[in-house]
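Text of the file query13.cif, holding mmCIF, C-alpha atoms:
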```cif
data_protein
#
loop_
_atom_site.label_atom_id
_atom_site.label_comp_id
_atom_site.auth_asym_id
_atom_site.auth_seq_id
_atom_site.Cartn_x
_atom_site.Cartn_y
_atom_site.Cartn_z
CA MET A 7 51.47 -88.90 -14.46
CA THR A 8 51.11 -92.62 -14.44
CA LYS A 9 47.93 -94.31 -13.49
CA ASP A 10 46.53 -97.74 -13.70
CA LEU A 11 44.24 -97.92 -16.71
CA GLY A 12 41.42 -99.20 -14.57
CA THR A 13 41.82 -96.25 -12.23
CA LEU A 14 41.83 -93.85 -15.15
CA LEU A 15 38.65 -95.34 -16.53
CA ALA A 16 37.02 -95.20 -13.11
CA ASP A 17 38.04 -91.55 -12.75
CA ILE A 18 36.59 -90.69 -16.15
CA ALA A 19 33.35 -92.51 -15.45
CA GLN A 20 33.08 -90.83 -12.07
CA ALA A 21 33.66 -87.40 -13.56
CA GLU A 22 31.01 -88.01 -16.19
CA SER A 23 28.66 -89.37 -13.58
CA GLU A 24 29.09 -86.24 -11.44
CA ARG A 25 28.61 -83.99 -14.45
CA TYR A 26 25.38 -85.78 -15.30
CA GLU A 27 24.24 -85.58 -11.69
CA ARG A 28 24.61 -81.81 -11.76
CA HIS A 29 22.57 -81.36 -14.93
CA SER A 30 20.10 -84.21 -14.96
CA ASN A 31 16.39 -83.83 -14.58
CA ALA A 32 15.26 -87.41 -14.85
CA ASP A 33 11.55 -88.00 -15.16
CA THR A 34 10.63 -91.50 -14.08
CA LEU A 35 7.11 -91.10 -15.40
CA LEU A 36 8.37 -90.98 -18.99
CA TYR A 37 10.06 -94.32 -18.50
CA GLU A 38 6.98 -95.82 -16.91
CA ARG A 39 4.86 -94.78 -19.85
CA ALA A 40 7.24 -96.55 -22.20
CA ILE A 41 7.75 -99.65 -20.09
CA ALA A 42 4.32 -100.48 -18.68
CA PRO A 43 2.57 -101.45 -21.92
CA ARG A 44 5.49 -103.59 -22.98
CA ARG A 45 5.47 -105.50 -19.70
CA MET A 46 1.73 -105.90 -19.86
CA TRP A 47 1.73 -107.41 -23.31
CA ARG A 48 4.67 -109.61 -22.58
CA ARG A 49 2.89 -111.13 -19.62
CA ALA A 50 -0.37 -111.42 -21.50
CA GLY A 51 1.41 -113.20 -24.31
CA GLU A 52 3.02 -115.65 -21.93
CA ALA A 53 -0.25 -116.49 -20.29
CA GLY A 54 -2.36 -116.68 -23.43
CA ALA A 55 -0.21 -118.38 -25.98
CA GLY A 56 2.23 -120.21 -23.79
CA VAL A 57 5.09 -119.01 -25.88
CA ALA A 58 8.61 -119.93 -25.00
CA MET A 59 10.38 -116.67 -25.61
CA ALA A 60 9.69 -113.52 -23.73
CA SER A 61 11.28 -111.25 -26.27
CA ALA A 62 8.83 -112.07 -29.00
CA VAL A 63 5.80 -110.80 -27.17
CA ALA A 64 7.23 -107.33 -27.20
CA ILE A 65 6.32 -107.05 -30.86
CA GLY A 66 2.67 -107.04 -29.95
CA ALA A 67 3.38 -104.55 -27.23
CA PHE A 68 4.83 -101.98 -29.56
CA SER A 69 1.61 -101.21 -31.34
CA LEU A 70 -0.26 -100.63 -28.11
CA GLY A 71 2.68 -98.69 -26.69
CA ALA A 72 2.54 -96.35 -29.63
CA ALA A 73 -1.15 -95.80 -29.09
CA GLY A 74 -0.44 -94.45 -25.64
CA PRO A 75 -2.81 -96.29 -23.32
CA ASP A 76 -3.45 -95.11 -19.81
CA ILE A 77 -0.77 -97.09 -18.08
CA HIS A 78 -1.80 -96.09 -14.60
CA GLY A 79 -5.35 -97.38 -14.65
CA PRO A 80 -6.26 -100.77 -13.25
CA ALA A 81 -6.98 -102.21 -16.68
CA VAL A 82 -3.31 -102.32 -17.63
CA SER A 83 -2.53 -105.33 -15.48
CA PRO A 84 -4.45 -108.40 -16.57
CA THR A 85 -2.30 -110.60 -14.40
CA PRO A 86 -0.69 -109.84 -11.06
CA GLU A 87 2.90 -108.65 -11.01
CA PRO A 88 4.34 -111.92 -9.61
CA SER A 89 3.65 -113.59 -12.97
CA ALA A 90 6.59 -111.60 -14.28
CA THR A 91 8.88 -113.74 -12.17
CA VAL A 92 8.34 -116.84 -14.28
CA GLU A 93 11.63 -118.00 -15.72
CA LEU A 94 11.19 -118.82 -19.38
CA GLU A 95 13.09 -121.36 -21.36
CA PRO A 96 15.26 -119.76 -24.04
CA TRP A 97 13.98 -119.97 -27.57
CA LYS A 98 15.89 -122.55 -29.59
CA VAL A 99 16.29 -122.97 -33.32
CA GLN A 100 17.99 -126.05 -34.69
CA GLY A 101 19.45 -126.68 -31.26
CA PHE A 102 20.90 -123.20 -30.79
CA ALA A 103 19.53 -121.18 -27.89
CA LEU A 104 18.78 -117.50 -28.23
CA ASP A 105 21.28 -115.32 -26.41
CA PRO A 106 19.95 -111.79 -25.86
CA HIS A 107 23.43 -110.30 -26.13
CA LEU A 108 24.71 -111.77 -29.39
CA VAL A 109 25.14 -109.38 -32.30
CA PRO A 110 26.45 -110.46 -35.72
CA GLN A 111 29.01 -108.50 -37.65
CA GLY A 112 28.08 -106.38 -40.63
CA PRO A 113 28.64 -107.16 -44.30
CA LEU A 114 32.11 -105.64 -44.28
CA GLY A 115 33.42 -107.32 -41.16
CA GLU A 116 34.57 -105.50 -38.07
CA ASN A 117 36.76 -102.75 -39.45
CA LEU A 118 36.86 -100.40 -42.38
CA THR A 119 40.47 -101.19 -43.05
CA GLY A 120 42.58 -103.22 -45.39
CA ASP A 121 41.21 -103.63 -48.89
CA MET A 122 38.09 -101.68 -48.00
CA ALA A 123 39.85 -98.61 -46.61
CA ASP A 124 39.62 -96.57 -49.80
CA THR A 125 36.09 -97.60 -50.67
CA ASP A 126 33.10 -95.38 -50.07
CA THR A 127 30.93 -97.84 -48.17
CA SER A 128 28.25 -95.48 -46.96
CA ALA A 129 25.41 -97.44 -48.55
CA CYS A 130 26.78 -100.72 -47.20
CA LEU A 131 26.94 -99.27 -43.71
CA ALA A 132 23.42 -97.97 -44.13
CA LEU A 133 22.35 -101.41 -45.30
CA ASP A 134 23.72 -102.97 -42.16
CA ALA A 135 21.90 -100.41 -40.02
CA LEU A 136 18.63 -100.78 -41.94
CA ALA A 137 18.78 -104.55 -41.63
CA ARG A 138 18.79 -104.05 -37.86
CA PHE A 139 16.17 -101.29 -37.94
CA GLY A 140 18.82 -98.73 -36.98
CA ILE A 141 16.90 -96.06 -38.80
CA ALA A 142 18.34 -93.27 -36.65
CA SER A 143 21.95 -94.04 -37.43
CA ASP A 144 24.05 -91.40 -39.16
CA GLY A 145 24.64 -93.72 -42.09
CA VAL A 146 20.95 -94.22 -42.81
CA ARG A 147 20.15 -90.55 -42.38
CA GLN A 148 22.77 -89.64 -44.97
CA VAL A 149 22.00 -92.34 -47.50
CA MET A 150 18.23 -92.40 -47.13
CA PRO A 151 17.07 -89.38 -45.13
CA ASN A 152 13.37 -89.97 -45.82
CA ALA A 153 13.26 -93.65 -45.02
CA VAL A 154 10.08 -94.79 -43.35
CA ALA A 155 10.68 -95.61 -39.71
CA PRO A 156 9.18 -98.35 -37.60
CA VAL A 157 6.98 -97.45 -34.67
CA ALA A 158 9.32 -99.48 -32.51
CA ALA A 159 12.05 -102.02 -32.98
CA GLU A 160 14.02 -104.39 -30.85
CA HIS A 161 17.06 -106.63 -31.00
CA LEU A 162 15.68 -109.94 -29.78
CA GLY A 163 19.07 -111.60 -29.48
CA GLY A 164 21.26 -113.91 -31.45
CA PHE A 165 22.31 -117.48 -31.99
CA ALA A 166 25.89 -118.69 -31.87
CA ALA A 167 25.85 -121.13 -34.78
CA GLU A 168 28.70 -121.52 -37.28
CA GLY A 169 28.60 -117.75 -37.31
CA THR A 170 26.49 -115.38 -35.28
CA ILE A 171 22.84 -114.94 -36.25
CA GLY A 172 21.07 -111.78 -35.12
CA VAL A 173 17.29 -111.51 -34.79
CA TYR A 174 15.50 -108.17 -34.86
CA SER A 175 11.86 -107.27 -34.90
CA ALA A 176 9.98 -104.13 -35.75
CA GLN A 177 6.43 -102.91 -35.74
CA PHE A 178 5.40 -100.44 -38.43
CA ALA A 179 2.39 -98.19 -38.49
CA SER A 180 0.89 -100.12 -41.40
CA ALA A 181 1.55 -102.99 -43.77
CA ALA A 182 2.26 -100.41 -46.45
CA ASP A 183 4.98 -98.88 -44.32
CA ALA A 184 6.50 -102.29 -43.71
CA GLU A 185 6.48 -102.98 -47.43
CA GLN A 186 8.04 -99.58 -48.11
CA TYR A 187 10.77 -100.29 -45.58
CA LEU A 188 11.67 -103.51 -47.38
CA ALA A 189 11.86 -101.54 -50.61
CA HIS A 190 14.27 -99.12 -48.91
CA VAL A 191 16.46 -102.02 -47.87
CA ALA A 192 16.53 -103.45 -51.37
CA ASP A 193 17.36 -100.05 -52.83
CA VAL A 194 20.21 -99.42 -50.40
CA ALA A 195 21.53 -102.95 -50.99
CA ARG A 196 21.77 -102.26 -54.70
CA ARG A 197 23.62 -99.02 -53.99
CA CYS A 198 25.92 -100.95 -51.68
CA GLY A 199 26.71 -103.27 -54.57
CA GLU A 200 27.64 -100.28 -56.74
CA GLU A 201 30.06 -99.03 -54.10
CA LEU A 202 31.93 -102.25 -53.57
CA PRO A 203 34.92 -103.45 -55.59
CA ALA A 204 34.27 -105.55 -58.67
CA GLU A 205 35.08 -108.83 -56.96
CA ALA A 206 32.30 -108.23 -54.44
CA ASN A 207 28.73 -109.22 -55.14
CA VAL A 208 25.40 -108.09 -53.75
CA ALA A 209 22.38 -110.22 -54.55
CA VAL A 210 18.91 -108.83 -53.85
CA ALA A 211 15.83 -111.01 -53.93
CA THR A 212 12.42 -109.48 -53.29
CA ASP A 213 9.00 -110.99 -52.61
CA VAL A 214 10.64 -114.08 -51.21
CA ALA A 215 8.02 -116.38 -49.74
CA LEU A 216 8.53 -119.21 -47.30
CA GLY A 217 6.11 -121.99 -48.00
CA THR A 218 4.89 -122.67 -44.51
CA VAL A 219 4.36 -119.18 -43.17
CA PRO A 220 2.48 -116.11 -44.38
CA GLY A 221 4.14 -112.96 -45.63
CA THR A 222 7.00 -112.22 -47.97
CA GLY A 223 10.47 -110.90 -47.52
CA THR A 224 13.56 -109.35 -49.00
CA ARG A 225 16.79 -111.28 -48.94
CA ILE A 226 20.18 -109.63 -49.34
CA ASP A 227 23.44 -111.50 -49.77
CA VAL A 228 26.68 -109.52 -49.67
CA SER A 229 29.86 -111.35 -50.66
CA VAL A 230 33.15 -109.53 -50.18
CA PRO A 231 36.01 -111.98 -50.77
CA SER A 232 38.56 -109.74 -49.07
CA VAL A 233 36.46 -109.63 -45.88
CA ASP A 234 35.14 -113.12 -45.51
CA GLU A 235 34.37 -116.27 -47.40
CA GLY A 236 30.72 -116.79 -48.17
CA ALA A 237 28.02 -114.17 -48.01
CA TRP A 238 26.67 -112.02 -45.23
CA ARG A 239 22.90 -112.31 -45.32
CA ALA A 240 20.07 -110.07 -44.20
CA TRP A 241 16.58 -111.48 -44.59
CA LEU A 242 13.69 -109.24 -43.69
CA HIS A 243 10.31 -110.94 -43.63
CA ALA A 244 7.13 -108.87 -43.41
CA THR A 245 3.87 -110.15 -41.99
CA ASP A 246 1.35 -107.33 -42.21
CA ALA A 247 2.87 -104.43 -40.29
CA GLU A 248 5.49 -106.53 -38.51
CA VAL A 249 8.92 -107.23 -39.90
CA LEU A 250 11.33 -109.82 -38.61
CA ALA A 251 14.95 -109.37 -39.66
CA VAL A 252 17.52 -112.14 -39.49
CA VAL A 253 21.12 -111.09 -40.05
CA THR A 254 23.70 -113.82 -40.40
CA GLU A 255 27.44 -113.90 -40.62
CA PRO A 256 28.58 -115.86 -43.70
CA GLN A 257 29.10 -119.23 -42.08
CA ALA A 258 25.55 -119.29 -40.73
CA ARG A 259 23.80 -117.98 -43.81
CA GLY A 260 21.83 -121.15 -44.41
CA ARG A 261 19.99 -120.89 -41.12
CA ALA A 262 18.18 -117.62 -41.75
CA SER A 263 15.02 -119.10 -43.20
CA ALA A 264 14.73 -121.61 -40.36
CA VAL A 265 14.87 -118.78 -37.84
CA ILE A 266 12.06 -116.95 -39.61
CA VAL A 267 9.87 -120.02 -39.87
CA GLU A 268 10.48 -121.03 -36.27
CA TYR A 269 9.75 -117.53 -35.10
CA LEU A 270 6.46 -117.28 -36.94
CA THR A 271 5.25 -120.77 -36.07
CA THR A 272 6.60 -121.25 -32.56
CA VAL A 273 7.01 -117.85 -30.98
CA VAL A 274 4.36 -115.80 -32.71
CA ASP A 275 1.66 -118.26 -33.64
CA VAL A 276 0.44 -116.64 -36.83
CA SER A 277 -2.21 -119.30 -37.32
CA GLN A 278 -4.21 -117.90 -34.43
CA MET B 24 3.01 -98.79 -7.26
CA ARG B 25 4.25 -102.08 -8.64
CA VAL B 26 7.55 -103.61 -7.63
CA TRP B 27 9.28 -102.79 -10.88
CA GLN B 28 8.13 -99.19 -10.69
CA GLY B 29 9.73 -98.81 -7.28
CA VAL B 30 12.94 -100.36 -8.55
CA LEU B 31 12.86 -98.11 -11.61
CA GLU B 32 12.43 -95.02 -9.50
CA GLU B 33 15.31 -95.99 -7.23
CA LEU B 34 17.52 -96.90 -10.18
CA ILE B 35 16.99 -93.55 -11.83
CA ARG B 36 17.42 -91.67 -8.58
CA THR B 37 20.52 -93.45 -7.34
CA ARG B 38 22.23 -95.21 -10.26
CA ARG B 39 21.36 -93.34 -13.44
CA SER B 40 24.40 -91.10 -13.19
CA ALA B 41 26.73 -94.06 -12.67
CA LEU B 42 25.22 -95.71 -15.72
CA GLU B 43 25.93 -92.54 -17.66
CA GLY B 44 29.58 -92.84 -16.71
CA TYR B 45 29.70 -96.44 -17.85
CA ALA B 46 27.97 -95.66 -21.14
CA TYR B 47 30.27 -92.69 -21.68
CA LEU B 48 33.32 -94.96 -21.58
CA LEU B 49 31.79 -97.10 -24.30
CA ALA B 50 30.26 -94.40 -26.45
CA GLY B 51 32.90 -91.70 -26.07
CA ASP B 52 30.40 -88.87 -26.30
CA ARG B 53 27.59 -87.63 -24.08
CA PRO B 54 24.59 -87.62 -26.41
CA THR B 55 25.22 -91.20 -27.44
CA ALA B 56 25.81 -92.24 -23.84
CA GLU B 57 22.55 -90.68 -22.73
CA ASP B 58 20.68 -92.38 -25.56
CA LEU B 59 22.24 -95.72 -24.67
CA VAL B 60 21.23 -95.45 -21.03
CA HIS B 61 17.72 -94.30 -21.90
CA ASP B 62 17.12 -97.13 -24.37
CA ALA B 63 18.75 -99.70 -22.10
CA ILE B 64 16.54 -98.84 -19.14
CA ILE B 65 13.41 -99.23 -21.22
CA ARG B 66 14.66 -102.45 -22.72
CA ALA B 67 15.69 -104.01 -19.43
CA PHE B 68 12.52 -103.10 -17.60
CA SER B 69 10.28 -104.09 -20.48
CA ARG B 70 11.34 -107.69 -20.29
CA ALA B 71 9.40 -109.97 -18.02
CA ARG B 72 12.11 -110.52 -15.55
CA ARG B 73 12.02 -110.42 -11.82
CA LEU B 74 13.11 -106.93 -10.91
CA ASP B 75 12.92 -106.70 -7.18
CA ASN B 76 16.11 -104.86 -6.35
CA VAL B 77 18.08 -102.07 -7.88
CA HIS B 78 21.38 -103.96 -8.06
CA GLN B 79 19.87 -106.68 -10.19
CA ALA B 80 18.17 -104.12 -12.37
CA GLU B 81 21.41 -102.21 -12.82
CA GLY B 82 23.07 -105.41 -14.00
CA TYR B 83 20.41 -105.89 -16.65
CA VAL B 84 20.70 -102.28 -17.75
CA ARG B 85 24.49 -102.49 -18.03
CA ARG B 86 24.18 -105.56 -20.22
CA ALA B 87 21.61 -103.81 -22.35
CA ILE B 88 23.88 -100.78 -22.69
CA LEU B 89 26.67 -103.01 -23.94
CA THR B 90 24.40 -104.82 -26.38
CA LEU B 91 22.92 -101.61 -27.72
CA PHE B 92 26.37 -100.10 -28.07
CA LEU B 93 27.66 -103.04 -30.08
CA ASN B 94 24.45 -103.13 -32.05
CA SER B 95 25.03 -99.61 -33.30
CA ARG B 96 28.69 -100.11 -33.93
CA ARG B 97 28.45 -99.67 -37.69
CA ALA B 98 27.41 -96.07 -37.26
CA SER B 99 30.25 -95.66 -34.81
CA ALA B 100 32.71 -97.16 -37.23
CA ARG B 101 31.57 -94.79 -39.91
CA ALA B 102 31.83 -91.81 -37.61
CA MET B 103 35.31 -92.93 -36.64
CA ALA B 104 36.34 -93.19 -40.27
CA LYS B 105 35.30 -89.57 -40.81
CA ARG B 106 36.94 -88.16 -37.71
CA HIS B 107 39.92 -86.85 -39.62
CA LEU B 108 37.55 -84.46 -41.37
CA LEU B 109 36.70 -82.72 -38.13
CA VAL B 110 38.51 -79.47 -37.45
CA ASP B 111 38.11 -79.82 -33.73
CA GLU B 112 37.13 -83.11 -32.18
CA ASP B 113 34.78 -82.19 -29.37
CA PRO B 114 37.09 -80.12 -27.19
CA PRO B 115 36.25 -80.41 -23.51
CA ALA B 116 34.53 -77.51 -21.82
CA PRO B 117 36.76 -75.44 -19.52
CA GLY B 118 36.98 -77.04 -16.15
CA ASP B 119 35.41 -80.21 -17.46
CA LEU B 120 37.46 -83.36 -18.02
CA THR B 121 41.11 -83.09 -17.26
CA GLU B 122 43.54 -83.16 -20.10
CA THR B 123 44.51 -86.69 -19.23
CA HIS B 124 40.93 -87.83 -19.12
CA ASP B 125 40.25 -86.21 -22.43
CA ALA B 126 43.26 -87.91 -23.99
CA VAL B 127 42.13 -91.30 -22.75
CA VAL B 128 38.56 -90.77 -23.94
CA ARG B 129 39.79 -89.74 -27.37
CA ALA B 130 42.04 -92.78 -27.49
CA LEU B 131 39.18 -95.07 -26.51
CA ARG B 132 36.93 -93.47 -29.08
CA GLY B 133 39.48 -94.33 -31.74
CA LEU B 134 39.20 -98.05 -31.02
CA PRO B 135 36.79 -100.33 -32.85
CA PRO B 136 33.72 -100.99 -30.70
CA ARG B 137 34.51 -104.56 -29.71
CA GLN B 138 38.02 -103.56 -28.64
CA ARG B 139 36.60 -100.69 -26.64
CA ALA B 140 34.03 -102.99 -25.05
CA CYS B 141 36.75 -105.44 -24.05
CA VAL B 142 38.83 -102.69 -22.46
CA VAL B 143 35.86 -101.43 -20.48
CA LEU B 144 34.82 -104.89 -19.36
CA ARG B 145 38.33 -105.95 -18.38
CA PHE B 146 39.68 -102.80 -16.79
CA PHE B 147 36.62 -100.87 -15.66
CA GLU B 148 34.23 -103.66 -14.74
CA ASP B 149 37.12 -105.88 -13.63
CA LEU B 150 35.73 -108.90 -15.42
CA SER B 151 37.99 -111.82 -16.15
CA VAL B 152 38.75 -112.89 -19.70
CA ALA B 153 36.23 -115.70 -19.35
CA GLU B 154 33.58 -113.40 -17.94
CA SER B 155 34.19 -110.84 -20.65
CA ALA B 156 33.92 -113.53 -23.30
CA ALA B 157 30.64 -114.73 -21.86
CA ARG B 158 29.28 -111.20 -21.67
CA LEU B 159 30.15 -110.52 -25.31
CA GLY B 160 29.29 -113.93 -26.65
CA ILE B 161 32.74 -114.45 -28.11
CA SER B 162 35.64 -116.76 -27.35
CA GLU B 163 38.24 -116.09 -24.66
CA GLY B 164 40.86 -116.00 -27.39
CA ALA B 165 38.95 -113.27 -29.15
CA VAL B 166 38.80 -111.24 -25.94
CA LYS B 167 42.55 -111.56 -25.50
CA ARG B 168 43.12 -110.54 -29.08
CA TYR B 169 40.80 -107.54 -28.79
CA VAL B 170 42.47 -106.40 -25.59
CA HIS B 171 45.90 -106.84 -27.10
CA ASP B 172 44.97 -104.86 -30.19
CA ALA B 173 43.25 -102.25 -28.06
CA MET B 174 46.35 -101.73 -25.98
CA ASP B 175 48.38 -101.31 -29.16
CA GLY B 176 45.87 -98.71 -30.29
CA LEU B 177 46.00 -96.89 -26.98
CA ARG B 178 49.78 -96.87 -27.10
CA SER B 179 49.74 -95.27 -30.51
CA VAL B 180 47.76 -92.35 -29.14
CA LEU B 181 48.75 -92.12 -25.50
CA GLY B 182 52.37 -93.03 -25.82
CA GLU B 183 54.24 -95.45 -23.66
CA LEU B 184 52.34 -98.22 -22.01
CA HIS B 185 53.94 -99.85 -19.06
CA GLU B 186 54.17 -103.56 -18.64
CA PRO B 187 51.07 -104.92 -17.06
CA ASP B 188 50.49 -105.83 -13.49
CA PRO B 189 50.19 -108.75 -13.22
CA PRO B 190 52.29 -109.65 -16.26
CA GLY B 191 50.25 -110.26 -19.36
CA GLU B 192 47.30 -108.18 -18.23
CA PHE B 193 48.28 -104.86 -19.86
CA ALA B 194 46.72 -102.89 -17.07
CA THR B 195 48.91 -99.81 -16.73
CA VAL B 196 49.20 -96.87 -19.02
CA THR B 197 51.41 -93.81 -18.96
CA THR B 198 49.67 -90.74 -20.27
CA SER B 199 52.24 -88.05 -19.57
CA GLY B 200 52.65 -85.77 -22.55
CA ALA B 201 50.23 -87.79 -24.56
CA ALA B 202 47.49 -85.23 -25.00
CA SER B 203 48.75 -83.14 -27.84
#
```
Conversion result in structure tokens:
Amino acid sequence: MTKDLGTLLADIAQAESERYERHSNADTLLYERAIAPRRMWRRAGEAGAGVAMASAVAIGAFSLGAAGPDIHGPAVSPTPEPSATVELEPWKVQGFALDPHLVPQGPLGENLTGDMADTDTSACLALDALARFGIASDGVRQVMPNAVAPVAAEHLGGFAAEGTIGVYSAQFASAADAEQYLAHVADVARRCGEELPAEANVAVATDVALGTVPGTGTRIDVSVPSVDEGAWRAWLHATDAEVLAVVTEPQARGRASAVIVEYLTTVVDVSQ
Amino acid sequence: MRVWQGVLEELIRTRRSALEGYAYLLAGDRPTAEDLVHDAIIRAFSRARRLDNVHQAEGYVRRAILTLFLNSRRASARAMAKRHLLVDEDPPAPGDLTETHDAVVRALRGLPPRQRACVVLRFFEDLSVAESAARLGISEGAVKRYVHDAMDGLRSVLGELHEPDPPGEFATVTTSGAAS
């Protein structure tokens, strides 16, 4: 049987769609309970602080979303729905505009092939997932099954600089949990370094402060000469119970701190 | 009921199953596909965008599915690397996917995530190279390379791949006798 690949894919998707249709029991209310507080806080943030990036406001929404407010009462909408139609300017850092769809590669590049094929890289894969708050990934569960999890996390987007820069945010239940999460990341990074070949290098710096903004962070640099020149960088910066993670491909490593500072001073005005 | 709530209800009632099909092509398994769709709906509707019709909302959700899929690609890569350890790789239920479908899904699942995404965007969503590049945030050359490598990968599993139509597009695949 010969079929056009597009037709085959359409057939497969259709079959899966029909299978789901037969067995689904979708509950819209569950979605509304998850979405409403996030929309509310996003709009409130736009109106109150005049921020330039919609994504950032979601961080504040997570804590309320976890608390489970009554989303159906009149108090949940401080501004009328049409305010959600405002088109926002994209957030820019050093001239690069945030693209919500950009995702940087991990510390070992795209594939587990070539020189890395025979290496047990489970901790390095877990490191990549942890740096993006992918706490539920198989890799993290195997390497660190008891890792503290954020209340909520989000990929805010990325910047297409010399390499791709990814920006992720997470809200933890407490500042202690956020601090513990950074300790997990540092621990897994060190284990990643033990797994890699001798020519690779993993540098872990903790309690890294940025002079102009509050909070401290953990900075990981992973250099694997056979994968890429330079170092993949993950920089997780905690401010109370919130953690911002900036993941950069090697060529853009030097821009991570600027993203953190810009985020905390421009998007989330921590001085307020 | 707010506007977005009405759109959400219609999306889930009329388009959720189609989104499952799309996510299934990317993810290659049902639990992951369902998680992707679930998370993508929340993500898309949580953003302060104008959501006044279901078609627009579906577009946002599809983009979110793609982003979330690529975002979790490391876990996928690891799972792929361990697939040879599985005794039986998710055999289809009787009367479920056809043998050909199953072979294609397995072949897709064996591709690295960005290659898989390019195949789905180019041949399922019918996006051009330029559109696919814009959607993924990569260069057109990278899309071409991913598609080329993906077709090589599909050939290695599915067998002969016919010349594309139009030439250079790699759009036709022969799957006879491929599912072994």
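Interatomic distance, CA of Val152 in chain B to CA of Gly12 in chain A: 14.9 Å.
If only C-alpha atoms are the atoms counted, then among A:Pro113, A:Ala103, A:Glu255, A:Val265 the closest residue to Val208 in chain A is A:Pro113.
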Specify as a PDB file with C-alpha atoms, in the frame of the given file each residue included when the PyMOL selection byres ((chain A and resi 225) around 10) is applied to this file.
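Saved the output as part.pdb:
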```
ATOM      1  CA  LEU A 188      11.670-103.510 -47.380  1.00  0.00           C
ATOM      2  CA  VAL A 191      16.460-102.020 -47.870  1.00  0.00           C
ATOM      3  CA  ALA A 192      16.530-103.450 -51.370  1.00  0.00           C
ATOM      4  CA  ALA A 195      21.530-102.950 -50.990  1.00  0.00           C
ATOM      5  CA  ALA A 209      22.380-110.220 -54.550  1.00  0.00           C
ATOM      6  CA  VAL A 210      18.910-108.830 -53.850  1.00  0.00           C
ATOM      7  CA  ALA A 211      15.830-111.010 -53.930  1.00  0.00           C
ATOM      8  CA  THR A 212      12.420-109.480 -53.290  1.00  0.00           C
ATOM      9  CA  ASP A 213       9.000-110.990 -52.610  1.00  0.00           C
ATOM     10  CA  VAL A 214      10.640-114.080 -51.210  1.00  0.00           C
ATOM     11  CA  THR A 222       7.000-112.220 -47.970  1.00  0.00           C
ATOM     12  CA  GLY A 223      10.470-110.900 -47.520  1.00  0.00           C
ATOM     13  CA  THR A 224      13.560-109.350 -49.000  1.00  0.00           C
ATOM     14  CA  ILE A 226      20.180-109.630 -49.340  1.00  0.00           C
ATOM     15  CA  ASP A 227      23.440-111.500 -49.770  1.00  0.00           C
ATOM     16  CA  ARG A 239      22.900-112.310 -45.320  1.00  0.00           C
ATOM     17  CA  ALA A 240      20.070-110.070 -44.200  1.00  0.00           C
ATOM     18  CA  TRP A 241      16.580-111.480 -44.590  1.00  0.00           C
ATOM     19  CA  LEU A 242      13.690-109.240 -43.690  1.00  0.00           C
ATOM     20  CA  HIS A 243      10.310-110.940 -43.630  1.00  0.00           C
ATOM     21  CA  ALA A 251      14.950-109.370 -39.660  1.00  0.00           C
ATOM     22  CA  VAL A 252      17.520-112.140 -39.490  1.00  0.00           C
ATOM     23  CA  VAL A 253      21.120-111.090 -40.050  1.00  0.00           C
ATOM     24  CA  ALA A 262      18.180-117.620 -41.750  1.00  0.00           C
ATOM     25  CA  SER A 263      15.020-119.100 -43.200  1.00  0.00           C
TER      26      SER A 263
END
```
Note to self: Using Å and a single decimal, report how far CA of Lys98 in chain A sits from CA of Lys167 in chain B.
What the structure shows: 29.1 Å
Next item on the list: Using the chain letters and numbering of this document, enumerate as number ranges by chain the residues selected by the PyMOL selection byres ((chain B and resi 156) around 12).
Entry: A: 107-108; B: 137, 140-142, 144-145, 150-155, 157-170
Margin query: Taking 5 positions as the minimum chain separation for residues in the same chain, which residues sit within 12 Å of Asp58 in chain B when counting only C-alpha atoms? Answer as a PyMOL selection string.
Written below: (chain A and resi 142) or (chain B and resi 42-43+46-47+50+52-53+63-65+87-88+91-92+95)
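Of the residues listed (B:Leu134, B:Ile35, B:Leu48, B:Val60), B:Val60 shows the shortest atom-to-atom separation from Arg85 in chain B; distances use only C-alpha atoms.
Nearest-residue note for Gly44 in chain B: choosing from A:Asp134, A:Asp105, A:Glu22, A:Glu235, the minimum distance belongs to A:Glu22, counting all atoms listed in the file.
Interatomic distance, CA of Arg197 in chain A against CA of Leu131 in chain A: 10.8 Å.
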Check: Taking all atoms listed in the file into account, which of A:Ala155, A:Met150, A:Leu162, A:Leu270 comes nearest chain B?
Finding: A:Leu162
Notebook entry, point to check: Counting only C-alpha atoms, what is within 12 Å of Ala182 in chain A, bar same-chain residues fewer than 3 positions away, as a PyMOL selection string?
Noted result: chain A and resi 154-156+177-179+185-189+244-249
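Distances to Val146 in chain A were evaluated for A:Ala129, A:Asp10, A:Gln111, A:Gln20 using all atoms listed in the file, and the minimum falls at A:Ala129.
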Check: For chain A, which of B:Arg66, B:Phe146, B:Asn76, B:Glu33 is the closest residue, counting all atoms listed in the file?
Finding: B:Phe146
Next item on the list: I would like the residues chosen by the PyMOL selection byres ((chain A and resi 236) around 10) on the shown file; could you give them as a list in words?
Entry: Asp227, Val228, Ser229, Val230, Pro231, Val233, Asp234, Glu235, Ala237, Trp238, Arg239, Glu255, Pro256, Gln257, Ala258 and Arg259 of chain A
